[in-house]
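Undergrad: Just dropping this structure here.
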Amino acid sequence: MYQLKKVRMNRLFGNGRCLDVAIDHGVCNEPSFLDGLEDMSKVVRLLAEAGPDAIQMNYGQADLLQDLPGKDKPALVMRIDMGNPYNRTRHREMWAVLQNAHDPIAPALRMDAACVVVNLFMLPDEPGLFKQCVENISRVGQDCEKYGMPLMIEPLVMQPNSERGGYLVDGDAEKIVTLVRLAREMGADIVKADPTTDPQDFHRVVEAARCPVLVRGGGKADLRQVFANSYALMQQGAHGMVYGRNIYQHADPARVVRALMAMIHDGVDDAEAWRIYSA
């Protein structure tokens, strides 16, 4: 199965780099995430035409990508878990569960996914949530090995909900590195990691992962700053990005994809990426 896993990894990382556009936000139960995703058929079609390396979706929407004709469409990355830490208010019970508890990666196999992705939440004072994530990964990891399916783990270190309303990214390098190391210990083939507060620390995340590291985008931000941060992180060894709202919530997502693809695959800097976007 090692060879089959390698084949799937090659669909994502043709030259060792990857742009994965995440539009799997429907399972987060957070209305603000859905702005720009109202017409999923249109979004998928436009993104596929823009040509990122992959599009990240859930099983219930994956047919929109896989039904597109042609052999050059983006690879499918399938989200196979869901949780409730994304809302502004703290829930009485925090949870993270697999979407298909009986056979977690069967939907990804049926839809010919190149990879599956699972969260590893580290929230203040939520040890039960962390334990659920570890159990999810432990179960999924065995199936991934059995069927040759690459496993992307998403370690998320978050600030207390009381800080600014909602669990937001904690960019503390020490915390991120520690959780990324745990993801690798549990068998991650790919790590989707938050950026460190100081981009110059991100090389430590890459070193801890010992596998391809893709930067998580988070909430929508000023695009010039997104490009500047992305270039700095690429210079620290990132292998690409998993960006959602910073692509699909912009007026012209295809131009954002083109600019980021040039940065990831051609090595252009943030100024040139902005020129490509603006052209």
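Following the order of the structure tokens, first chain is A, next is B, and so on, with residues numbered from 1 inside each chain and ligands from 1 in the order they appear.
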Where does range 62-147 of chain A meet range 192-198 of chain A within 10 Å, residue by residue, with the nearest atom pair and distance in Å to one decimal for each, counting only C-alpha atoms, listed by chain and rising number, as JSON lines?

TA:
```
{"residue": "A:Val117", "atom": "CA", "partner": "A:Lys192", "partner_atom": "CA", "distance": 8.7}
{"residue": "A:Val118", "atom": "CA", "partner": "A:Lys192", "partner_atom": "CA", "distance": 9.6}
{"residue": "A:Asn119", "atom": "CA", "partner": "A:Lys192", "partner_atom": "CA", "distance": 9.2}
```

Undergrad: Output C-alpha atoms for every residue in that selection, as a tab-separated table (two decimals), in the first residue's frame.

TA:
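again.tsv written:
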```tsv
chain	number	residue	atom	x	y	z
A	117	VAL	CA	-7.94	15.46	6.36
A	118	VAL	CA	-8.73	15.31	10.11
A	119	ASN	CA	-8.51	17.95	12.84
```

Undergrad: Could you make a table, as a Markdown table, of the residues of range 155-258 of chain A that have an atom within 9 Å of an atom of range 124-131 of chain A, each with its nearest atom pair and distance in Å to one decimal, counting only C-alpha atoms, in chain and number order?

TA:
```
| residue | atom | partner | partner_atom | distance |
| --- | --- | --- | --- | --- |
| A:Val157 | CA | A:Pro124 | CA | 8.7 |
| A:Met158 | CA | A:Pro124 | CA | 7.3 |
| A:Gln159 | CA | A:Pro124 | CA | 6.9 |
| A:Pro160 | CA | A:Pro124 | CA | 5.8 |
| A:Asn161 | CA | A:Pro124 | CA | 8.4 |
```

Undergrad: Produce a file of the selected residues containing all heavy atoms, as a PDB file, in the first residue's frame.

TA:
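Output contents, as saved in out-v7.pdb:
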```
ATOM      1  N   VAL A 157      -3.984  25.014  17.291  1.00  0.00           N
ATOM      2  CA  VAL A 157      -3.813  25.579  18.627  1.00  0.00           C
ATOM      3  C   VAL A 157      -4.604  26.880  18.673  1.00  0.00           C
ATOM      4  O   VAL A 157      -4.355  27.793  17.883  1.00  0.00           O
ATOM      5  CB  VAL A 157      -2.328  25.868  18.937  1.00  0.00           C
ATOM      6  CG1 VAL A 157      -2.178  26.410  20.353  1.00  0.00           C
ATOM      7  CG2 VAL A 157      -1.494  24.603  18.751  1.00  0.00           C
ATOM      8  N   MET A 158      -5.557  26.983  19.586  1.00  0.00           N
ATOM      9  CA  MET A 158      -6.448  28.141  19.610  1.00  0.00           C
ATOM     10  C   MET A 158      -6.361  28.897  20.928  1.00  0.00           C
ATOM     11  O   MET A 158      -6.040  28.336  21.974  1.00  0.00           O
ATOM     12  CB  MET A 158      -7.886  27.709  19.340  1.00  0.00           C
ATOM     13  CG  MET A 158      -8.108  27.161  17.936  1.00  0.00           C
ATOM     14  SD  MET A 158      -9.858  26.804  17.610  1.00  0.00           S
ATOM     15  CE  MET A 158      -9.786  26.387  15.863  1.00  0.00           C
ATOM     16  N   GLN A 159      -6.665  30.191  20.852  1.00  0.00           N
ATOM     17  CA  GLN A 159      -6.722  31.041  22.030  1.00  0.00           C
ATOM     18  C   GLN A 159      -8.020  30.767  22.795  1.00  0.00           C
ATOM     19  O   GLN A 159      -8.961  30.199  22.246  1.00  0.00           O
ATOM     20  CB  GLN A 159      -6.697  32.511  21.622  1.00  0.00           C
ATOM     21  CG  GLN A 159      -5.476  32.940  20.838  1.00  0.00           C
ATOM     22  CD  GLN A 159      -5.567  34.384  20.407  1.00  0.00           C
ATOM     23  OE1 GLN A 159      -6.087  35.229  21.130  1.00  0.00           O
ATOM     24  NE2 GLN A 159      -5.083  34.684  19.213  1.00  0.00           N
ATOM     25  N   PRO A 160      -8.075  31.201  24.059  1.00  0.00           N
ATOM     26  CA  PRO A 160      -9.345  31.073  24.787  1.00  0.00           C
ATOM     27  C   PRO A 160     -10.468  31.796  24.067  1.00  0.00           C
ATOM     28  O   PRO A 160     -10.255  32.841  23.445  1.00  0.00           O
ATOM     29  CB  PRO A 160      -9.038  31.736  26.145  1.00  0.00           C
ATOM     30  CG  PRO A 160      -7.559  31.648  26.288  1.00  0.00           C
ATOM     31  CD  PRO A 160      -7.006  31.767  24.897  1.00  0.00           C
ATOM     32  N   ASN A 161     -11.655  31.240  24.156  1.00  0.00           N
ATOM     33  CA  ASN A 161     -12.817  31.828  23.498  1.00  0.00           C
ATOM     34  C   ASN A 161     -13.083  33.249  23.977  1.00  0.00           C
ATOM     35  O   ASN A 161     -13.617  34.079  23.236  1.00  0.00           O
ATOM     36  CB  ASN A 161     -14.041  30.940  23.753  1.00  0.00           C
ATOM     37  CG  ASN A 161     -15.293  31.437  23.067  1.00  0.00           C
ATOM     38  OD1 ASN A 161     -15.961  32.315  23.584  1.00  0.00           O
ATOM     39  ND2 ASN A 161     -15.608  30.872  21.915  1.00  0.00           N
TER      40      ASN A 161
END
```

Undergrad: At a cut-off of 8 Å, using only C-alpha atoms, what residues contact Arg17 in chain A? Leave out same-chain residues fewer than 5 positions from it and give the result as a PyMOL selection string.

TA: chain A and resi 12+239-240+264-265

Undergrad: Which neighbours of Leu37 in chain A fall inside 10 Å, counting only C-alpha atoms, when residues of the same chain fewer than 2 positions from it are skipped, and could you give them as a list of chain:residue names?

TA: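 Contacts, with the query itself left out: A:Ile23, A:Asp24, A:His25, A:Gly26, A:Phe33, A:Leu34, A:Asp35, A:Asp39, A:Met40, A:Ser41, A:Lys42, A:Val43, A:Val44, A:Arg245, A:Tyr248, A:Gln249.
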
Undergrad: Can I get the selection written as a CSV table (one decimal), in the first residue's frame, with all heavy atoms?

TA:
```
chain,number,residue,atom,x,y,z
A,23,ILE,N,-13.0,24.4,0.5
A,23,ILE,CA,-14.4,24.8,0.5
A,23,ILE,C,-15.2,23.8,1.3
A,23,ILE,O,-16.4,23.6,1.0
A,23,ILE,CB,-14.9,25.1,-0.9
A,23,ILE,CG1,-14.7,23.8,-1.8
A,23,ILE,CG2,-14.2,26.2,-1.6
A,23,ILE,CD1,-15.4,23.9,-3.1
A,24,ASP,N,-14.7,23.3,2.3
A,24,ASP,CA,-15.3,22.3,3.2
A,24,ASP,C,-16.0,22.9,4.4
A,24,ASP,O,-16.3,22.2,5.3
A,24,ASP,CB,-14.3,21.2,3.6
A,24,ASP,CG,-13.1,21.8,4.3
A,24,ASP,OD1,-12.9,23.0,4.3
A,24,ASP,OD2,-12.4,21.0,5.0
A,25,HIS,N,-16.3,24.2,4.3
A,25,HIS,CA,-16.7,24.9,5.5
A,25,HIS,C,-18.2,24.6,5.9
A,25,HIS,O,-18.6,25.1,7.0
A,25,HIS,CB,-16.5,26.4,5.3
A,25,HIS,CG,-15.1,26.8,5.1
A,25,HIS,ND1,-14.4,26.4,3.9
A,25,HIS,CD2,-14.2,27.5,5.8
A,25,HIS,CE1,-13.2,26.9,4.0
A,25,HIS,NE2,-13.0,27.6,5.1
A,26,GLY,N,-18.9,23.9,5.1
A,26,GLY,CA,-20.3,23.7,5.4
A,26,GLY,C,-20.5,22.9,6.7
A,26,GLY,O,-21.6,22.9,7.3
A,33,PHE,N,-18.8,31.6,7.5
A,33,PHE,CA,-17.9,30.9,6.7
A,33,PHE,C,-18.6,30.6,5.3
A,33,PHE,O,-17.8,30.3,4.3
A,33,PHE,CB,-17.6,29.5,7.3
A,33,PHE,CG,-16.7,29.6,8.5
A,33,PHE,CD1,-16.3,30.8,9.0
A,33,PHE,CD2,-16.2,28.4,9.1
A,33,PHE,CE1,-15.4,30.8,10.1
A,33,PHE,CE2,-15.4,28.4,10.2
A,33,PHE,CZ,-15.0,29.6,10.7
A,34,LEU,N,-19.9,30.7,5.2
A,34,LEU,CA,-20.6,30.3,4.0
A,34,LEU,C,-20.7,31.5,3.0
A,34,LEU,O,-21.2,31.2,1.9
A,34,LEU,CB,-21.9,29.8,4.3
A,34,LEU,CG,-21.9,28.5,5.2
A,34,LEU,CD1,-23.3,28.0,5.5
A,34,LEU,CD2,-21.1,27.4,4.7
A,35,ASP,N,-20.3,32.7,3.4
A,35,ASP,CA,-20.3,33.8,2.4
A,35,ASP,C,-19.4,33.4,1.2
A,35,ASP,O,-18.2,33.2,1.4
A,35,ASP,CB,-19.9,35.1,3.1
A,35,ASP,CG,-20.8,35.6,4.1
A,35,ASP,OD1,-22.0,35.1,4.1
A,35,ASP,OD2,-20.4,36.4,5.0
A,39,ASP,N,-23.5,29.1,-3.9
A,39,ASP,CA,-23.8,28.3,-5.1
A,39,ASP,C,-22.5,27.4,-5.3
A,39,ASP,O,-21.6,27.8,-6.0
A,39,ASP,CB,-24.0,29.2,-6.3
A,39,ASP,CG,-24.3,28.4,-7.6
A,39,ASP,OD1,-24.1,27.2,-7.6
A,39,ASP,OD2,-24.8,29.1,-8.5
A,40,MET,N,-22.6,26.2,-4.7
A,40,MET,CA,-21.4,25.4,-4.7
A,40,MET,C,-21.0,24.9,-6.1
A,40,MET,O,-19.9,24.7,-6.4
A,40,MET,CB,-21.6,24.2,-3.8
A,40,MET,CG,-21.5,24.5,-2.3
A,40,MET,SD,-19.8,25.0,-1.8
A,40,MET,CE,-19.0,23.3,-1.8
A,41,SER,N,-22.0,24.6,-6.9
A,41,SER,CA,-21.8,24.1,-8.3
A,41,SER,C,-20.9,25.2,-9.0
A,41,SER,O,-19.9,24.8,-9.7
A,41,SER,CB,-23.1,23.8,-9.0
A,41,SER,OG,-22.8,23.4,-10.3
A,42,LYS,N,-21.3,26.4,-8.9
A,42,LYS,CA,-20.6,27.5,-9.6
A,42,LYS,C,-19.2,27.7,-9.0
A,42,LYS,O,-18.2,27.8,-9.8
A,42,LYS,CB,-21.4,28.8,-9.5
A,42,LYS,CG,-20.7,30.0,-10.1
A,42,LYS,CD,-21.5,31.3,-9.9
A,42,LYS,CE,-20.8,32.5,-10.5
A,42,LYS,NZ,-21.7,33.7,-10.3
A,43,VAL,N,-19.1,27.6,-7.7
A,43,VAL,CA,-17.8,27.8,-7.1
A,43,VAL,C,-16.8,26.7,-7.5
A,43,VAL,O,-15.7,27.0,-7.9
A,43,VAL,CB,-17.9,27.8,-5.5
A,43,VAL,CG1,-16.6,27.7,-4.8
A,43,VAL,CG2,-18.7,29.0,-5.0
A,44,VAL,N,-17.3,25.5,-7.5
A,44,VAL,CA,-16.4,24.4,-7.9
A,44,VAL,C,-16.0,24.5,-9.3
A,44,VAL,O,-14.8,24.3,-9.7
A,44,VAL,CB,-17.1,23.0,-7.6
A,44,VAL,CG1,-16.3,21.9,-8.2
A,44,VAL,CG2,-17.3,22.8,-6.1
A,245,ARG,N,-11.2,30.9,2.8
A,245,ARG,CA,-11.8,32.3,2.7
A,245,ARG,C,-11.0,33.3,2.0
A,245,ARG,O,-11.5,34.2,1.4
A,245,ARG,CB,-12.2,32.7,4.1
A,245,ARG,CG,-13.4,32.0,4.7
A,245,ARG,CD,-13.6,32.2,6.2
A,245,ARG,NE,-12.7,31.4,7.0
A,245,ARG,CZ,-12.5,31.5,8.3
A,245,ARG,NH1,-13.1,32.4,8.9
A,245,ARG,NH2,-11.6,30.7,8.9
A,248,TYR,N,-12.0,32.1,-1.8
A,248,TYR,CA,-13.4,32.1,-2.3
A,248,TYR,C,-14.2,33.3,-1.9
A,248,TYR,O,-15.2,33.6,-2.5
A,248,TYR,CB,-14.1,30.7,-1.9
A,248,TYR,CG,-14.5,30.5,-0.5
A,248,TYR,CD1,-15.5,31.2,0.1
A,248,TYR,CD2,-13.8,29.6,0.3
A,248,TYR,CE1,-15.9,31.0,1.5
A,248,TYR,CE2,-14.1,29.4,1.6
A,248,TYR,CZ,-15.2,30.1,2.2
A,248,TYR,OH,-15.5,29.9,3.5
A,249,GLN,N,-13.7,34.0,-0.8
A,249,GLN,CA,-14.5,35.2,-0.4
A,249,GLN,C,-14.0,36.5,-1.1
A,249,GLN,O,-14.4,37.6,-0.8
A,249,GLN,CB,-14.5,35.4,1.1
A,249,GLN,CG,-15.3,34.4,1.8
A,249,GLN,CD,-15.5,34.6,3.3
A,249,GLN,OE1,-14.7,35.3,3.9
A,249,GLN,NE2,-16.5,34.0,3.9
```

Undergrad: Would you work out the distance separating CA of Cys144 in chain A from CA of Met186 in chain A, expressed in Å to one decimal?

TA: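 Separation of CA of Cys144 in chain A and CA of Met186 in chain A: 11.9 Å.
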
Undergrad: From the set A:Ala262, A:Leu19, A:Ile137, A:Val226, which residue has the shortest atom-to-atom contact distance to Arg184 in chain A, counting only C-alpha atoms?

TA: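 For Arg184 in chain A, the nearest of the given residues is A:Ile137.
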
Undergrad: Excluding same-chain residues fewer than 2 positions from range 63-72 of chain A, what lies within 9 Å of it counting only C-alpha atoms, as a PyMOL selection string?

TA: chain A and resi 40-41+44-45+48+51+55+57+59-61+74-76+111-112

Undergrad: Out of range 37-182 of chain A, which residues get alpha helix (DSSP H) from DSSP, as an MDAnalysis selection string?

TA: chainID A and resid 40:50 59:66 106:110 127:147 173:182

Undergrad: As a PyMOL selection string, please: the residues near Gln99 in chain A (cut-off 8 Å, only C-alpha atoms, same-chain neighbours under 2 positions excluded).

TA: chain A and resi 80-82+97+101+104

Undergrad: Rounded to one decimal in Å, what is the spacing between CA of His102 in chain A and CA of Val7 in chain A?

TA: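 Distance between the two atoms: 26.2 Å.
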
Undergrad: Rank nothing, just name the residue among A:Ala106, A:Leu233, A:Ala208, A:Ala188 nearest to Lys175 in chain A, using only C-alpha atoms.

TA: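 Checking each candidate against Lys175 in chain A, we get A:Ala208 as the closest.
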
Undergrad: Between A:Gly267, A:Gly187, A:Pro107, A:Gly16, which one has atoms that come closest to Gln235 in chain A, using only C-alpha atoms?

TA: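 Selected residue with least distance to Gln235 in chain A: A:Gly267.
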
Undergrad: Using DSSP on the backbone coordinates, identify all residues within range 35-78 of chain A classified as strand (DSSP E or B); present the result as an mmCIF file with all heavy atoms, in the first residue's frame.

TA:
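And here's part29.cif as it stands now:
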```cif
data_model
loop_
_atom_site.group_PDB
_atom_site.id
_atom_site.type_symbol
_atom_site.label_atom_id
_atom_site.label_comp_id
_atom_site.auth_asym_id
_atom_site.auth_seq_id
_atom_site.Cartn_x
_atom_site.Cartn_y
_atom_site.Cartn_z
ATOM 1 N N ALA A 54 -5.446 21.152 -5.803
ATOM 2 C CA ALA A 54 -6.477 20.366 -5.130
ATOM 3 C C ALA A 54 -7.595 21.267 -4.643
ATOM 4 O O ALA A 54 -7.409 22.475 -4.464
ATOM 5 C CB ALA A 54 -5.872 19.599 -3.948
ATOM 6 N N ILE A 55 -8.754 20.662 -4.454
ATOM 7 C CA ILE A 55 -9.897 21.326 -3.827
ATOM 8 C C ILE A 55 -10.341 20.447 -2.673
ATOM 9 O O ILE A 55 -10.505 19.234 -2.819
ATOM 10 C CB ILE A 55 -11.052 21.547 -4.820
ATOM 11 C CG1 ILE A 55 -10.595 22.443 -5.985
ATOM 12 C CG2 ILE A 55 -12.243 22.181 -4.104
ATOM 13 C CD1 ILE A 55 -11.666 22.688 -7.032
ATOM 14 N N GLN A 56 -10.519 21.068 -1.508
ATOM 15 C CA GLN A 56 -10.854 20.336 -0.282
ATOM 16 C C GLN A 56 -12.349 20.446 -0.015
ATOM 17 O O GLN A 56 -12.888 21.552 0.109
ATOM 18 C CB GLN A 56 -10.051 20.914 0.884
ATOM 19 C CG GLN A 56 -10.211 20.170 2.199
ATOM 20 C CD GLN A 56 -9.177 20.630 3.196
ATOM 21 O OE1 GLN A 56 -7.979 20.546 2.954
ATOM 22 N NE2 GLN A 56 -9.637 21.120 4.333
ATOM 23 N N MET A 57 -13.022 19.278 0.075
ATOM 24 C CA MET A 57 -14.475 19.251 0.169
ATOM 25 C C MET A 57 -14.911 18.133 1.110
ATOM 26 O O MET A 57 -14.107 17.301 1.521
ATOM 27 C CB MET A 57 -15.086 19.014 -1.225
ATOM 28 C CG MET A 57 -14.566 19.938 -2.308
ATOM 29 S SD MET A 57 -15.242 19.602 -3.955
ATOM 30 C CE MET A 57 -16.923 20.174 -3.734
ATOM 31 N N ALA A 75 -7.098 17.663 -7.865
ATOM 32 C CA ALA A 75 -7.307 16.480 -7.038
ATOM 33 C C ALA A 75 -8.296 16.794 -5.925
ATOM 34 O O ALA A 75 -8.438 17.948 -5.499
ATOM 35 C CB ALA A 75 -5.974 16.020 -6.450
ATOM 36 N N LEU A 76 -8.978 15.767 -5.443
ATOM 37 C CA LEU A 76 -9.920 15.915 -4.346
ATOM 38 C C LEU A 76 -9.244 15.601 -3.021
ATOM 39 O O LEU A 76 -8.664 14.526 -2.846
ATOM 40 C CB LEU A 76 -11.110 14.963 -4.551
ATOM 41 C CG LEU A 76 -12.085 14.820 -3.375
ATOM 42 C CD1 LEU A 76 -12.787 16.147 -3.083
ATOM 43 C CD2 LEU A 76 -13.110 13.718 -3.661
ATOM 44 N N VAL A 77 -9.287 16.549 -2.085
ATOM 45 C CA VAL A 77 -8.917 16.316 -0.690
ATOM 46 C C VAL A 77 -10.221 16.275 0.098
ATOM 47 O O VAL A 77 -11.013 17.217 0.019
ATOM 48 C CB VAL A 77 -7.998 17.431 -0.155
ATOM 49 C CG1 VAL A 77 -7.795 17.284 1.344
ATOM 50 C CG2 VAL A 77 -6.662 17.412 -0.882
ATOM 51 N N MET A 78 -10.470 15.196 0.840
ATOM 52 C CA MET A 78 -11.762 15.059 1.510
ATOM 53 C C MET A 78 -11.644 15.214 3.021
ATOM 54 O O MET A 78 -10.891 14.499 3.686
ATOM 55 C CB MET A 78 -12.399 13.707 1.192
ATOM 56 C CG MET A 78 -13.832 13.613 1.729
ATOM 57 S SD MET A 78 -14.690 12.089 1.267
ATOM 58 C CE MET A 78 -14.977 12.420 -0.479
#
```
